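What follows is a short report on a single structure.
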Amino acid sequence: MTLAQQRTRTFAWSDPAQTARAIGASSGIEMLRAMVAGELPPPPIMQALGFDGFEVEEGRAAFLLTPQEYHYNPLGSVHGGVIATLLDSAAGCSVHSVLPAGRGYTSLDLSVKYLRPVTVHSGQLRCVGGVLSQGRTTALAEARLLDAAGRLAAYATSTCMLFDLPASG
């Protein structure tokens, strides 16, 4: 198989250990705000997929991504895994934003509904996540992926397990 036209992409990322060391030392909202402000590096997945940035407030997180050809599946639209990553990031970070210092989370599940194809013609995507319910051991969050025209392209719910982080020292 020969490629008619080869395209390349180069990206860089920061050592994720720097951010990992900060987990639990401050509240979730403080840690996420430090990432938004550039005081802590964002997770490498943001550079790998080419996220345009993100915003956070307590109980809410939003991620931006402009679809590119390198996001495509063989059908000529953005791969469902890229969309699921956006949805998981927004839902998970909305949960992270309500956690006090010393508490962590991990996704237990992610249920995604794909509603319309996403392509480079969709314009910049905005994925907004919010906490629906928070208990002592689990939290439920949702995320909505909107295209540049404000149309809902995908929707997800996520259950996250909440836990105490091990003491560092």
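In the structure tokens, chains take the letters A, B, ... in the order shown, each chain's residues start at 1, and ligands count up from 1 in the order shown.
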Hey, could you make a per-residue contact list for region 48-162 of chain A against region 23-41 of chain A with 10 Å as the cut-off, showing the nearest pair of atoms and its distance in Å to one decimal, counting only C-alpha atoms, sorted by chain and number, as a tab-separated table?
residue	atom	partner	partner_atom	distance
A:Gly53	CA	A:Val36	CA	7.8
A:Phe54	CA	A:Val36	CA	6.6
A:Glu55	CA	A:Val36	CA	6.6
A:Val56	CA	A:Arg33	CA	6.7
A:Glu57	CA	A:Ile29	CA	6.9
A:Glu58	CA	A:Ile29	CA	6.3
A:Gly59	CA	A:Ile29	CA	8.7
A:Arg60	CA	A:Ile29	CA	9.7
A:Ala61	CA	A:Leu32	CA	9.2
A:Cys93	CA	A:Leu32	CA	7.9
A:Ser94	CA	A:Ile29	CA	8.9
A:Val95	CA	A:Gly28	CA	8.4
A:His96	CA	A:Gly28	CA	5.0
A:Ser97	CA	A:Ile29	CA	4.2
A:Val98	CA	A:Gly28	CA	6.2
A:Leu99	CA	A:Gly28	CA	5.2
A:Pro100	CA	A:Ser27	CA	4.4
A:Ala101	CA	A:Ser27	CA	4.1
A:Gly102	CA	A:Gly24	CA	4.2
A:Arg103	CA	A:Gly24	CA	6.0
A:Gly104	CA	A:Gly24	CA	6.9
Residues within 10 Å of Val118 (chain A), please, as a compact mmCIF listing (two decimals) with N, CA and C atoms, in the first residue's frame. Count only C-alpha atoms; anything in the same chain fewer than 4 positions from it doesn't count.
# COMPACT_ATOMS: atom_id res chain seq x y z
N PRO A 67 -11.43 19.87 15.67
CA PRO A 67 -11.18 18.62 14.97
C PRO A 67 -10.16 18.78 13.83
N HIS A 71 -7.51 13.16 13.84
CA HIS A 71 -8.52 12.61 14.75
C HIS A 71 -9.44 11.61 14.03
N TYR A 72 -9.31 11.49 12.73
CA TYR A 72 -10.28 10.72 11.93
C TYR A 72 -10.14 9.21 12.07
N GLY A 76 -13.86 8.80 7.84
CA GLY A 76 -13.73 10.22 7.54
C GLY A 76 -14.41 11.14 8.54
N SER A 77 -14.55 10.68 9.76
CA SER A 77 -15.07 11.52 10.84
C SER A 77 -14.22 11.30 12.08
N VAL A 78 -14.39 12.16 13.08
CA VAL A 78 -13.59 12.06 14.29
C VAL A 78 -13.88 10.73 14.98
N HIS A 79 -12.83 10.04 15.34
CA HIS A 79 -12.93 8.73 15.98
C HIS A 79 -13.69 8.83 17.29
N GLY A 80 -14.54 7.83 17.54
CA GLY A 80 -15.33 7.81 18.77
C GLY A 80 -14.49 7.84 20.02
N ILE A 83 -13.77 11.44 20.90
CA ILE A 83 -14.96 12.04 21.49
C ILE A 83 -15.15 11.54 22.92
N TYR A 114 -23.47 8.82 20.89
CA TYR A 114 -23.01 9.60 19.75
C TYR A 114 -24.24 10.02 18.95
N SER A 122 -17.03 20.70 11.57
CA SER A 122 -17.85 20.94 12.77
C SER A 122 -17.40 22.17 13.53
N GLY A 123 -16.19 22.65 13.25
CA GLY A 123 -15.64 23.79 13.98
C GLY A 123 -15.20 23.38 15.37
N LEU A 125 -14.97 22.32 18.95
CA LEU A 125 -15.88 21.60 19.84
C LEU A 125 -15.71 22.13 21.26
N LEU A 146 -20.60 19.84 22.24
CA LEU A 146 -21.30 20.73 21.30
C LEU A 146 -20.36 21.12 20.17
N ASP A 147 -20.90 21.19 18.95
CA ASP A 147 -20.09 21.67 17.83
C ASP A 147 -20.13 23.20 17.81
N ALA A 153 -23.47 16.99 19.81
CA ALA A 153 -22.86 15.95 18.99
C ALA A 153 -22.74 14.63 19.75
N ALA A 154 -22.57 14.71 21.06
CA ALA A 154 -22.44 13.50 21.89
C ALA A 154 -22.75 13.87 23.34
- Message: DSSP on the backbone, helix (DSSP H, G or I) only: what residues of chain A does that give? Format it as a ChimeraX atom specification.
- Response: /A:16-22,28-36,44-49,69-71,80-96,120-122
- Residue with smallest distance to Thr137 (chain A) - pool A:Gln47, A:Thr8, A:Thr106, A:Gln68, counting only C-alpha atoms: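 Smallest separation from Thr137 (chain A) among the options: A:Thr106.
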